[in-house]
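Below is one structure, written out as structure tokens, with a few remarks after it.
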Amino acid sequence: MSEPPSPSLFSQPGLPAVLGGRALSAFAAQVLAVAVGWQIYALTHSTAALGFVGLAQFLPMFALILPAGHTADQHNRQKIVLLCQVLEMLATAATAYAAFTHSLTPGILYALVALFGACKAFEMPAQQTFLPSLVSPAVFPRATALSASLFQVASIAGPSLGGLLYGAGAALCYSLCAIGFGMAALATASLSIKKPAKARQPATLASVFGGIAFLRRKPAMLGAISLDLFAVLLGGATAMLPVFATDILHAGPIALGLLRAAPAVGALMVAAVLARRPLGRHAGLWMFGAVGIFGLATIFFGLSRSAWLSVIMLAILGGADVVSVMVRGALVQLGTPDEMRGRVSAVNMLFIGSSNQLGEFESGMLASLTGPVGAVVLGGIGTLLVAASWMFLFPELRKLDRLEDITPDS
């Protein structure tokens, strides 16, 4: 007998609002990053000031992410996300007013990104729990792929539009951010997510770090998160793009723009395919294969002397990353009981988010010793070695079959 047709994605109540809210919030965040970067440099003419912008956002997120996961498991997640998006809207609106009145200072911008980092620490673990609460496990992999598609669209359109609008004035960028966060808040407010009532746990060390303890009991989930962590940590080719565009490929700023956009374009194409045709069987092997392709594409990018070949390798790299993200997302969300999803999502975000910053640091330090080509190629080789090692260290992940069959008891 043939399998029954899978339910339509948009027949799932609340899914358009969840995806729309995520996409609008991501788009506004991308525009904000461009505007703050341009303006802080215009105000200070200091490259160190640009580094402090990233630090000002990262430190609050790093400090608050685990307590935020506990908060998401003990309180109304929808209200947490809504409050964060409203705060983001008000903060960017205030920044737009300061820009209009020519009273904006570097201190205001640092305070803005610090508040943004704190809001994201609470918003993202709570928001990650929305999809498994609204859609069935059979639909979840396709919903995740569609969510990834929309995020990649925001990642491409946000910086492009932010750069264009900044030419008309920074205040216009901040105003657009405020509108984006406001629309995301409206989408979140329209949701109807019922959460079973339960007794709240006090914020003890055991409960705050409960997500880490849970992962230690789930080898497949721990393997997926750590595999993705090391792949991003070692395969940090994107951190070297300005150096490759200028010194290796001898290309101009247009080529640099294409190189920066290529991973997002590749990710968008693969995510669009997966939204229509999910992985099916052997999801664990698909993940290992994708990480292997990620490593190979990193190596070929490092060895390339053609701008177009480099763009193609980065697009392949971005597409492979989506497969890994999809499998990891299904394991984390479907394999975690509802009362633990906030804390486990927080640990996942802490690992993956930290690996992005640490990956850029690792690539920069290694490049200072071996040169940019050596750093990228060695990173790709390291990714392949980690993938091969993880296949033996985490056999449960290697044997993972259908994503829709994942349950908290599996």
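Letters for chains follow the order of the structure tokens (A, B, ...), residue numbers begin at 1 for each chain, and ligand numbers begin at 1 in the order shown.
Excluding Ser192 in chain A itself and same-chain residues fewer than 6 positions from it, the residues having an atom within 12 Å of it are A:Pro13, A:Gly14, A:Leu15, A:Ala17, A:Val18, A:Asn76, A:Arg77, A:Gln78, A:Lys79, A:Phe130, A:Ser133, A:Leu134, counting only C-alpha atoms.
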Which residues of range 33-140 of chain A come within 6 Å of range 325-343 of chain A, and what is each one's closest atom pair and distance in Å (one decimal), counting only C-alpha atoms, sorted by chain and residue number, as CSV?
```
residue,atom,partner,partner_atom,distance
A:Gly69,CA,A:Arg343,CA,3.9
A:His70,CA,A:Arg343,CA,5.4
A:Ala72,CA,A:Gly342,CA,5.0
A:Asp73,CA,A:Gly342,CA,5.2
A:Pro125,CA,A:Gly342,CA,5.1
A:Ala126,CA,A:Gly342,CA,5.7
```
Create the file for the chosen residues now, containing C-alpha atoms and written as a PDB file, in the first residue's frame.
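Saved the output as part37.pdb:
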```pdb
ATOM      1  CA  GLY A  69      16.214  28.614  28.653  1.00  0.00           C
ATOM      2  CA  HIS A  70      15.000  27.911  32.194  1.00  0.00           C
ATOM      3  CA  ALA A  72      11.207  29.610  28.700  1.00  0.00           C
ATOM      4  CA  ASP A  73      10.380  26.293  30.368  1.00  0.00           C
ATOM      5  CA  PRO A 125      14.958  29.608  23.088  1.00  0.00           C
ATOM      6  CA  ALA A 126      11.266  30.411  23.607  1.00  0.00           C
TER       7      ALA A 126
END
```
Could I get the residues of range 263-361 of chain A with an atom no further than 10 Å from an atom of range 155-174 of chain A, each paired with its nearest atom pair and that distance in Å to one decimal, using only C-alpha atoms, sorted by chain and residue number, as CSV?
```
residue,atom,partner,partner_atom,distance
A:Pro263,CA,A:Ile156,CA,9.7
A:Ala264,CA,A:Ile156,CA,6.6
A:Val265,CA,A:Ile156,CA,7.7
A:Leu268,CA,A:Ile156,CA,9.5
```
Those same residues, written as a PDB file, in the first residue's frame with N, CA and C atoms?
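Below is the file that was written, out07.pdb:
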```pdb
ATOM      1  N   PRO A 263      26.863  31.550   0.203  1.00  0.00           N
ATOM      2  CA  PRO A 263      26.362  30.520   1.125  1.00  0.00           C
ATOM      3  C   PRO A 263      24.864  30.627   1.375  1.00  0.00           C
ATOM      4  N   ALA A 264      24.353  31.861   1.482  1.00  0.00           N
ATOM      5  CA  ALA A 264      22.916  32.032   1.720  1.00  0.00           C
ATOM      6  C   ALA A 264      22.102  31.597   0.510  1.00  0.00           C
ATOM      7  N   VAL A 265      22.609  31.864  -0.700  1.00  0.00           N
ATOM      8  CA  VAL A 265      21.891  31.444  -1.911  1.00  0.00           C
ATOM      9  C   VAL A 265      21.855  29.919  -1.997  1.00  0.00           C
ATOM     10  N   LEU A 268      19.445  28.631   0.567  1.00  0.00           N
ATOM     11  CA  LEU A 268      18.062  28.878   0.157  1.00  0.00           C
ATOM     12  C   LEU A 268      17.589  27.843  -0.860  1.00  0.00           C
TER      13      LEU A 268
END
```
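Candidate residues A:Val322, A:Met183, A:Ala245, A:Val135 were compared for distance to Trp286 in chain A, and the nearest is A:Val322, using only C-alpha atoms.
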